[in-house]
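Visitor: Handing over run_0.pdb, PDB, C-alpha atoms.
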ATOM      1  CA  MET A1212     -56.290  51.247  50.856  1.00  0.00           C
ATOM      2  CA  ALA A1213     -53.657  51.781  48.190  1.00  0.00           C
ATOM      3  CA  PRO A1214     -51.688  48.657  47.168  1.00  0.00           C
ATOM      4  CA  SER A1215     -48.388  50.244  48.214  1.00  0.00           C
ATOM      5  CA  ALA A1216     -49.576  51.210  51.718  1.00  0.00           C
ATOM      6  CA  LYS A1217     -47.932  49.345  54.578  1.00  0.00           C
ATOM      7  CA  LYS A1218     -50.047  47.277  56.904  1.00  0.00           C
ATOM      8  CA  PRO A1219     -50.009  48.558  60.492  1.00  0.00           C
ATOM      9  CA  TRP A1220     -47.727  46.655  62.868  1.00  0.00           C
ATOM     10  CA  THR A1221     -49.571  44.203  65.077  1.00  0.00           C
ATOM     11  CA  PRO A1222     -47.270  43.389  67.988  1.00  0.00           C
ATOM     12  CA  PRO A1223     -46.696  39.747  68.890  1.00  0.00           C
ATOM     13  CA  ASP A1224     -48.408  38.224  71.897  1.00  0.00           C
ATOM     14  CA  ALA A1225     -46.442  38.611  75.151  1.00  0.00           C
ATOM     15  CA  GLY A1226     -46.531  34.851  75.741  1.00  0.00           C
ATOM     16  CA  VAL A1227     -44.843  34.213  72.404  1.00  0.00           C
ATOM     17  CA  LEU A1228     -42.151  36.772  73.207  1.00  0.00           C
ATOM     18  CA  ILE A1229     -41.525  35.201  76.615  1.00  0.00           C
ATOM     19  CA  LEU A1230     -41.217  31.761  75.025  1.00  0.00           C
ATOM     20  CA  ILE A1231     -38.767  32.967  72.376  1.00  0.00           C
ATOM     21  CA  CYS A1232     -36.679  34.801  74.983  1.00  0.00           C
ATOM     22  CA  ALA A1233     -36.618  31.711  77.211  1.00  0.00           C
ATOM     23  CA  LEU A1234     -35.442  29.613  74.267  1.00  0.00           C
ATOM     24  CA  ILE A1235     -32.700  32.132  73.454  1.00  0.00           C
ATOM     25  CA  VAL A1236     -31.478  32.086  77.065  1.00  0.00           C
ATOM     26  CA  LEU A1237     -31.620  28.262  77.277  1.00  0.00           C
ATOM     27  CA  LEU A1238     -29.731  27.866  74.001  1.00  0.00           C
ATOM     28  CA  ASN A1239     -27.185  30.395  75.248  1.00  0.00           C
ATOM     29  CA  ALA A1240     -26.723  28.371  78.448  1.00  0.00           C
ATOM     30  CA  PHE A1241     -26.141  25.252  76.342  1.00  0.00           C
ATOM     31  CA  ASP A1242     -23.662  27.232  74.223  1.00  0.00           C
ATOM     32  CA  ALA A1243     -21.698  28.311  77.307  1.00  0.00           C
ATOM     33  CA  ILE A1244     -21.651  24.853  78.900  1.00  0.00           C
ATOM     34  CA  ALA A1245     -20.773  23.169  75.608  1.00  0.00           C
ATOM     35  CA  THR A1246     -17.975  25.676  74.996  1.00  0.00           C
ATOM     36  CA  LEU A1247     -16.502  24.889  78.408  1.00  0.00           C
ATOM     37  CA  GLU A1248     -16.695  21.133  77.723  1.00  0.00           C
ATOM     38  CA  ILE A1249     -15.175  21.488  74.253  1.00  0.00           C
ATOM     39  CA  ALA A1250     -12.345  23.544  75.765  1.00  0.00           C
ATOM     40  CA  ARG A1251     -11.808  20.820  78.374  1.00  0.00           C
ATOM     41  CA  ARG A1252     -11.403  18.394  75.473  1.00  0.00           C
ATOM     42  CA  GLY A1253      -8.780  20.573  73.814  1.00  0.00           C
ATOM     43  CA  GLY A1254     -10.844  23.101  71.861  1.00  0.00           C
ATOM     44  CA  GLU A1255     -10.975  26.829  72.429  1.00  0.00           C
ATOM     45  CA  GLU A1256     -13.408  29.731  72.362  1.00  0.00           C
ATOM     46  CA  ALA A1257     -13.765  30.866  68.742  1.00  0.00           C
ATOM     47  CA  ASN A1258     -15.651  34.095  69.485  1.00  0.00           C
ATOM     48  CA  PRO A1259     -13.081  36.919  69.770  1.00  0.00           C
ATOM     49  CA  ILE A1260     -15.510  39.030  71.820  1.00  0.00           C
ATOM     50  CA  ALA A1261     -16.099  36.270  74.402  1.00  0.00           C
ATOM     51  CA  LYS A1262     -12.508  35.025  74.505  1.00  0.00           C
ATOM     52  CA  PRO A1263     -11.247  37.536  77.137  1.00  0.00           C
ATOM     53  CA  MET A1264     -14.001  36.468  79.545  1.00  0.00           C
ATOM     54  CA  PHE A1265     -13.357  32.809  78.712  1.00  0.00           C
ATOM     55  CA  GLU A1266      -9.720  33.255  79.715  1.00  0.00           C
ATOM     56  CA  ARG A1267     -10.791  34.586  83.137  1.00  0.00           C
ATOM     57  CA  GLY A1268     -12.397  31.285  84.075  1.00  0.00           C
ATOM     58  CA  ALA A1269     -15.541  29.205  83.754  1.00  0.00           C
ATOM     59  CA  LEU A1270     -17.760  31.109  86.202  1.00  0.00           C
ATOM     60  CA  PRO A1271     -17.008  34.639  84.930  1.00  0.00           C
ATOM     61  CA  PHE A1272     -17.443  33.399  81.352  1.00  0.00           C
ATOM     62  CA  PHE A1273     -20.782  31.712  82.114  1.00  0.00           C
ATOM     63  CA  LEU A1274     -22.171  34.658  84.111  1.00  0.00           C
ATOM     64  CA  TRP A1275     -21.058  37.189  81.501  1.00  0.00           C
ATOM     65  CA  LYS A1276     -22.564  35.162  78.663  1.00  0.00           C
ATOM     66  CA  MET A1277     -25.850  34.569  80.479  1.00  0.00           C
ATOM     67  CA  GLY A1278     -26.162  38.193  81.559  1.00  0.00           C
ATOM     68  CA  LEU A1279     -25.467  39.524  78.095  1.00  0.00           C
ATOM     69  CA  ALA A1280     -27.826  37.108  76.337  1.00  0.00           C
ATOM     70  CA  THR A1281     -30.617  37.687  78.849  1.00  0.00           C
ATOM     71  CA  ALA A1282     -30.293  41.466  78.620  1.00  0.00           C
ATOM     72  CA  CYS A1283     -30.278  41.382  74.812  1.00  0.00           C
ATOM     73  CA  ALA A1284     -33.259  39.015  74.658  1.00  0.00           C
ATOM     74  CA  VAL A1285     -35.296  41.202  77.027  1.00  0.00           C
ATOM     75  CA  ILE A1286     -34.410  44.386  75.130  1.00  0.00           C
ATOM     76  CA  LEU A1287     -35.332  42.766  71.815  1.00  0.00           C
ATOM     77  CA  ALA A1288     -38.616  41.502  73.273  1.00  0.00           C
ATOM     78  CA  LEU A1289     -39.526  44.950  74.582  1.00  0.00           C
ATOM     79  CA  LEU A1290     -38.636  46.567  71.273  1.00  0.00           C
ATOM     80  CA  ALA A1291     -40.539  43.890  69.333  1.00  0.00           C
ATOM     81  CA  ARG A1292     -43.752  45.143  70.912  1.00  0.00           C
ATOM     82  CA  VAL A1293     -43.175  48.436  69.089  1.00  0.00           C
ATOM     83  CA  HIS A1294     -40.935  47.784  66.087  1.00  0.00           C
ATOM     84  CA  ARG A1295     -41.350  45.108  63.453  1.00  0.00           C
ATOM     85  CA  ALA A1296     -37.569  45.004  62.820  1.00  0.00           C
ATOM     86  CA  ALA A1297     -36.934  44.015  66.453  1.00  0.00           C
ATOM     87  CA  TRP A1298     -39.420  41.146  66.030  1.00  0.00           C
ATOM     88  CA  TYR A1299     -37.425  39.876  63.053  1.00  0.00           C
ATOM     89  CA  LEU A1300     -34.151  40.323  64.958  1.00  0.00           C
ATOM     90  CA  THR A1301     -35.565  38.291  67.856  1.00  0.00           C
ATOM     91  CA  TRP A1302     -36.291  35.408  65.485  1.00  0.00           C
ATOM     92  CA  ALA A1303     -32.852  35.839  63.915  1.00  0.00           C
ATOM     93  CA  ALA A1304     -31.202  35.592  67.355  1.00  0.00           C
ATOM     94  CA  LEU A1305     -33.134  32.400  68.049  1.00  0.00           C
ATOM     95  CA  ALA A1306     -32.076  30.948  64.687  1.00  0.00           C
ATOM     96  CA  VAL A1307     -28.411  31.842  65.276  1.00  0.00           C
ATOM     97  CA  TYR A1308     -28.381  30.236  68.731  1.00  0.00           C
ATOM     98  CA  ALA A1309     -30.132  27.147  67.359  1.00  0.00           C
ATOM     99  CA  GLY A1310     -27.405  26.880  64.716  1.00  0.00           C
ATOM    100  CA  ILE A1311     -24.669  27.302  67.327  1.00  0.00           C
ATOM    101  CA  ALA A1312     -26.349  24.644  69.492  1.00  0.00           C
ATOM    102  CA  GLY A1313     -26.384  22.300  66.518  1.00  0.00           C
ATOM    103  CA  LEU A1314     -22.691  22.912  65.887  1.00  0.00           C
ATOM    104  CA  HIS A1315     -21.866  22.276  69.542  1.00  0.00           C
ATOM    105  CA  ALA A1316     -23.969  19.105  69.573  1.00  0.00           C
ATOM    106  CA  TYR A1317     -22.013  17.869  66.570  1.00  0.00           C
ATOM    107  CA  LEU A1318     -18.680  18.728  68.183  1.00  0.00           C
ATOM    108  CA  LEU A1319     -19.622  17.093  71.487  1.00  0.00           C
ATOM    109  CA  TRP A1320     -21.140  13.886  70.178  1.00  0.00           C
ATOM    110  CA  PHE A1321     -19.539  13.220  66.813  1.00  0.00           C
ATOM    111  CA  ALA A1322     -16.138  14.896  66.912  1.00  0.00           C
ATOM    112  CA  GLY A1323     -13.202  13.119  68.515  1.00  0.00           C
ATOM    113  CA  ARG A1324     -13.099  12.470  72.232  1.00  0.00           C
ATOM    114  CA  PRO A1325      -9.979  13.169  74.291  1.00  0.00           C
ATOM    115  CA  PRO A1326      -7.615  10.216  74.727  1.00  0.00           C
TER     116      PRO A1326
END
Could you show the structure in this file as C-alpha coordinates?
Guide:
Amino acid sequence: MAPSAKKPWTPPDAGVLILICALIVLLNAFDAIATLEIARRGGEEANPIAKPMFERGALPFFLWKMGLATACAVILALLARVHRAAWYLTWAALAVYAGIAGLHAYLLWFAGRPP
(Lines of atoms letter the chains of each structure in order from A and count residues from 1; the text may use other names and numbers.)
(Lines give C-alpha, C1' and ligand atoms only; values in the text may rest on other atoms or scores of the structure.)
Protein backbone atom coordinates (compact mmCIF):
# COMPACT_ATOMS: atom_id res chain seq x y z
CA MET A 1 0.00 0.00 0.00
CA ALA A 2 1.31 3.44 -0.88
CA PRO A 3 2.09 5.72 2.10
CA SER A 4 -0.42 8.33 0.92
CA ALA A 5 -3.32 5.87 0.56
CA LYS A 6 -6.17 6.33 3.02
CA LYS A 7 -7.07 3.54 5.37
CA PRO A 8 -10.58 2.17 4.79
CA TRP A 9 -13.22 3.41 7.22
CA THR A 10 -14.04 0.91 9.94
CA PRO A 11 -17.39 1.94 11.41
CA PRO A 12 -17.72 2.21 15.19
CA ASP A 13 -19.49 -0.49 17.15
CA ALA A 14 -23.26 0.07 17.49
CA GLY A 15 -23.03 -0.16 21.28
CA VAL A 16 -20.53 2.69 21.38
CA LEU A 17 -22.77 4.82 19.16
CA ILE A 18 -25.79 4.12 21.38
CA LEU A 19 -23.80 5.09 24.47
CA ILE A 20 -22.57 8.34 22.92
CA CYS A 21 -26.08 9.23 21.73
CA ALA A 22 -27.51 8.50 25.18
CA LEU A 23 -24.89 10.76 26.75
CA ILE A 24 -25.69 13.55 24.27
CA VAL A 25 -29.41 13.30 25.06
CA LEU A 26 -28.80 13.17 28.84
CA LEU A 27 -26.48 16.18 28.72
CA ASN A 28 -29.07 17.99 26.61
CA ALA A 29 -31.74 17.24 29.22
CA PHE A 30 -29.45 18.65 31.92
CA ASP A 31 -28.87 21.71 29.71
CA ALA A 32 -32.61 22.32 29.34
CA ILE A 33 -33.40 21.83 33.03
CA ALA A 34 -30.43 23.94 34.11
CA THR A 35 -31.42 26.70 31.69
CA LEU A 36 -34.92 26.77 33.18
CA GLU A 37 -33.49 26.94 36.73
CA ILE A 38 -31.00 29.66 35.81
CA ALA A 39 -33.84 31.65 34.23
CA ARG A 40 -35.88 31.21 37.42
CA ARG A 41 -32.94 32.75 39.28
CA GLY A 42 -32.86 35.76 36.97
CA GLY A 43 -30.80 34.54 34.01
CA GLU A 44 -31.99 34.12 30.46
CA GLU A 45 -31.56 31.84 27.47
CA ALA A 46 -28.38 32.87 25.65
CA ASN A 47 -28.96 30.77 22.52
CA PRO A 48 -30.74 32.97 19.95
CA ILE A 49 -32.08 29.90 18.13
CA ALA A 50 -33.66 28.42 21.29
CA LYS A 51 -34.87 31.73 22.73
CA PRO A 52 -38.22 31.83 20.83
CA MET A 53 -39.14 28.39 22.18
CA PHE A 54 -37.92 29.38 25.64
CA GLU A 55 -40.30 32.35 25.59
CA ARG A 56 -43.25 30.02 24.87
CA GLY A 57 -42.84 28.25 28.20
CA ALA A 58 -40.95 25.51 30.01
CA LEU A 59 -42.69 22.48 28.48
CA PRO A 60 -42.52 23.59 24.82
CA PHE A 61 -38.87 24.58 25.34
CA PHE A 62 -37.97 21.25 26.96
CA LEU A 63 -39.82 19.13 24.37
CA TRP A 64 -38.37 21.10 21.46
CA LYS A 65 -34.84 20.85 22.83
CA MET A 66 -35.12 17.13 23.57
CA GLY A 67 -36.68 16.35 20.20
CA LEU A 68 -34.07 18.29 18.29
CA ALA A 69 -31.11 16.83 20.20
CA THR A 70 -32.44 13.28 19.95
CA ALA A 71 -33.09 13.58 16.22
CA CYS A 72 -29.63 15.06 15.59
CA ALA A 73 -27.90 12.42 17.72
CA VAL A 74 -29.69 9.58 15.91
CA ILE A 75 -28.93 11.06 12.48
CA LEU A 76 -25.27 11.51 13.39
CA ALA A 77 -25.10 7.95 14.73
CA LEU A 78 -26.60 6.53 11.54
CA LEU A 79 -24.26 8.58 9.38
CA ALA A 80 -21.27 7.63 11.54
CA ARG A 81 -21.72 4.03 10.43
CA VAL A 82 -20.93 5.19 6.89
CA HIS A 83 -18.94 8.42 7.09
CA ARG A 84 -15.88 9.11 9.20
CA ALA A 85 -16.72 12.84 9.39
CA ALA A 86 -20.06 12.06 11.07
CA TRP A 87 -18.17 9.99 13.67
CA TYR A 88 -15.99 13.00 14.47
CA LEU A 89 -19.04 15.28 14.56
CA THR A 90 -20.73 12.91 17.02
CA TRP A 91 -17.75 13.22 19.37
CA ALA A 92 -17.72 16.98 18.84
CA ALA A 93 -21.41 17.19 19.81
CA LEU A 94 -20.69 15.22 22.97
CA ALA A 95 -17.77 17.51 23.82
CA VAL A 96 -19.87 20.65 23.25
CA TYR A 97 -22.69 19.39 25.48
CA ALA A 98 -20.18 18.37 28.15
CA GLY A 99 -18.78 21.91 28.07
CA ILE A 100 -22.26 23.42 28.29
CA ALA A 101 -23.06 21.10 31.21
CA GLY A 102 -19.90 22.26 32.95
CA LEU A 103 -20.86 25.90 32.43
CA HIS A 104 -24.35 25.27 33.79
CA ALA A 105 -22.96 23.39 36.79
CA TYR A 106 -20.75 26.38 37.54
CA LEU A 107 -23.64 28.82 37.19
CA LEU A 108 -25.96 26.72 39.36
CA TRP A 109 -23.57 25.89 42.18
CA PHE A 110 -21.01 28.67 42.28
CA ALA A 111 -22.72 31.74 40.84
CA GLY A 112 -24.94 33.87 43.05
CA ARG A 113 -28.21 32.56 44.39
CA PRO A 114 -31.39 34.64 44.26
CA PRO A 115 -32.11 36.72 47.36
Visitor: If you measure from atom CA of A:Asp1224 to atom CA of A:Ala1296, what distance in Å do you get, rounded to one decimal?
Guide: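 Straight-line distance from atom CA of A:Asp1224 to atom CA of A:Ala1296 works out to 15.7 Å.
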Visitor: Excluding same-chain residues fewer than 5 positions from A:Phe1272, what lies within 12 Å of it counting all atoms listed in the file, as JSON, numbers by chain?
Guide: {"A": [1239, 1240, 1242, 1243, 1244, 1246, 1247, 1256, 1260, 1261, 1262, 1263, 1264, 1265, 1266, 1267, 1277, 1278, 1279]}
Visitor: Would you mind reading off the distance between atom CA of A:Leu1234 and atom CA of A:Glu1255, one decimal, in Å?
Guide: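 Atom CA of A:Glu1255 lies at a distance of 24.7 Å from atom CA of A:Leu1234.
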Visitor: What lies within 7 Å of A:Tyr1308 using all atoms listed in the file, ignoring chain neighbours under 4 positions off, as a ChimeraX atom specification?
Guide: /A:1235,1238-1239,1304,1312
Visitor: Generate the output file for the selected residues, C-alpha atoms, as a PDB file, keeping the file's coordinate frame.
Guide:
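Output below, filename part.pdb:
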ATOM      1  CA  ILE A1235     -32.700  32.132  73.454  1.00  0.00           C
ATOM      2  CA  LEU A1238     -29.731  27.866  74.001  1.00  0.00           C
ATOM      3  CA  ASN A1239     -27.185  30.395  75.248  1.00  0.00           C
ATOM      4  CA  ALA A1304     -31.202  35.592  67.355  1.00  0.00           C
ATOM      5  CA  ALA A1312     -26.349  24.644  69.492  1.00  0.00           C
TER       6      ALA A1312
END
Visitor: Between A:Ala1280, A:Leu1314, A:Val1293, A:Ala1303, which has the minimum distance to A:Leu1237 (counting all atoms listed in the file)?
Guide: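 Between A:Ala1280, A:Leu1314, A:Val1293, A:Ala1303, the residue approaching A:Leu1237 most closely is A:Ala1280.
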Visitor: Determine the residue set returned by the PyMOL selection byres ((chain A and resi 1319) around 12) for the present structure, and present it as JSON, numbers by chain.
Guide: {"A": [1241, 1242, 1244, 1245, 1246, 1247, 1248, 1249, 1250, 1251, 1252, 1253, 1254, 1312, 1313, 1314, 1315, 1316, 1317, 1318, 1320, 1321, 1322, 1323, 1324, 1325]}
Visitor: To one decimal place, how far is atom CA of A:Ile1229 from atom CA of A:Trp1302 in Å?
Guide: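 For atom CA of A:Ile1229 relative to atom CA of A:Trp1302, the distance reads 12.3 Å.
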Visitor: Counting all atoms listed in the file, figure out which residue out of A:Val1236, A:Thr1221, A:Leu1228, A:Leu1290 gets nearest to A:Leu1274.
Guide: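 The answer is A:Val1236, which sits nearest to A:Leu1274.
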Visitor: Could you add whatever atoms are missing so that stretch 1249-1276 of chain A carries N, CA and C atoms, then write the result as a short mmCIF file (atom, residue, chain, number, x, y, z; two decimals), keeping the file's coordinate frame?
Guide:
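Resulting contents of rebuild_29.cif:
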data_model
loop_
_atom_site.label_atom_id
_atom_site.label_comp_id
_atom_site.auth_asym_id
_atom_site.auth_seq_id
_atom_site.Cartn_x
_atom_site.Cartn_y
_atom_site.Cartn_z
N ILE A 1249 -16.03 21.61 75.43
CA ILE A 1249 -15.18 21.49 74.25
C ILE A 1249 -13.77 21.98 74.57
N ALA A 1250 -13.67 23.05 75.36
CA ALA A 1250 -12.34 23.54 75.76
C ALA A 1250 -11.64 22.53 76.66
N ARG A 1251 -12.39 21.86 77.52
CA ARG A 1251 -11.81 20.82 78.37
C ARG A 1251 -11.23 19.69 77.53
N ARG A 1252 -11.85 19.46 76.38
CA ARG A 1252 -11.40 18.39 75.47
C ARG A 1252 -10.30 18.85 74.52
N GLY A 1253 -9.88 20.10 74.65
CA GLY A 1253 -8.78 20.57 73.81
C GLY A 1253 -9.15 21.66 72.83
N GLY A 1254 -10.42 22.02 72.75
CA GLY A 1254 -10.84 23.10 71.86
C GLY A 1254 -10.63 24.46 72.52
N GLU A 1255 -11.10 25.48 71.86
CA GLU A 1255 -10.98 26.83 72.43
C GLU A 1255 -12.16 27.68 72.01
N GLU A 1256 -12.32 28.80 72.67
CA GLU A 1256 -13.41 29.73 72.36
C GLU A 1256 -13.09 30.41 71.03
N ALA A 1257 -14.00 30.30 70.07
CA ALA A 1257 -13.76 30.87 68.74
C ALA A 1257 -14.24 32.31 68.63
N ASN A 1258 -15.09 32.74 69.53
CA ASN A 1258 -15.65 34.10 69.48
C ASN A 1258 -14.64 35.08 70.07
N PRO A 1259 -14.10 36.00 69.26
CA PRO A 1259 -13.08 36.92 69.77
C PRO A 1259 -13.62 37.90 70.81
N ILE A 1260 -14.92 38.13 70.82
CA ILE A 1260 -15.51 39.03 71.82
C ILE A 1260 -15.61 38.32 73.16
N ALA A 1261 -15.94 37.03 73.16
CA ALA A 1261 -16.10 36.27 74.40
C ALA A 1261 -14.78 35.71 74.93
N LYS A 1262 -13.77 35.66 74.11
CA LYS A 1262 -12.51 35.02 74.50
C LYS A 1262 -11.87 35.65 75.76
N PRO A 1263 -11.83 36.97 75.91
CA PRO A 1263 -11.25 37.54 77.14
C PRO A 1263 -11.96 37.07 78.41
N MET A 1264 -13.28 36.96 78.37
CA MET A 1264 -14.00 36.47 79.54
C MET A 1264 -13.76 34.98 79.74
N PHE A 1265 -13.64 34.25 78.65
CA PHE A 1265 -13.36 32.81 78.71
C PHE A 1265 -12.02 32.56 79.40
N GLU A 1266 -11.05 33.42 79.13
CA GLU A 1266 -9.72 33.26 79.72
C GLU A 1266 -9.70 33.59 81.20
N ARG A 1267 -10.71 34.26 81.70
CA ARG A 1267 -10.79 34.59 83.14
C ARG A 1267 -11.28 33.41 83.97
N GLY A 1268 -11.92 32.45 83.33
CA GLY A 1268 -12.40 31.28 84.08
C GLY A 1268 -13.82 30.92 83.69
N ALA A 1269 -14.23 29.74 84.14
CA ALA A 1269 -15.54 29.20 83.75
C ALA A 1269 -16.69 30.04 84.32
N LEU A 1270 -16.64 30.38 85.59
CA LEU A 1270 -17.76 31.11 86.20
C LEU A 1270 -17.91 32.52 85.63
N PRO A 1271 -16.83 33.31 85.54
CA PRO A 1271 -17.01 34.64 84.93
C PRO A 1271 -17.52 34.56 83.49
N PHE A 1272 -17.01 33.58 82.74
CA PHE A 1272 -17.44 33.40 81.35
C PHE A 1272 -18.93 33.08 81.31
N PHE A 1273 -19.38 32.12 82.11
CA PHE A 1273 -20.78 31.71 82.11
C PHE A 1273 -21.68 32.87 82.55
N LEU A 1274 -21.34 33.55 83.62
CA LEU A 1274 -22.17 34.66 84.11
C LEU A 1274 -22.23 35.80 83.11
N TRP A 1275 -21.09 36.12 82.50
CA TRP A 1275 -21.06 37.19 81.50
C TRP A 1275 -21.93 36.83 80.31
N LYS A 1276 -21.79 35.60 79.82
CA LYS A 1276 -22.56 35.16 78.66
C LYS A 1276 -24.06 35.15 78.96
#
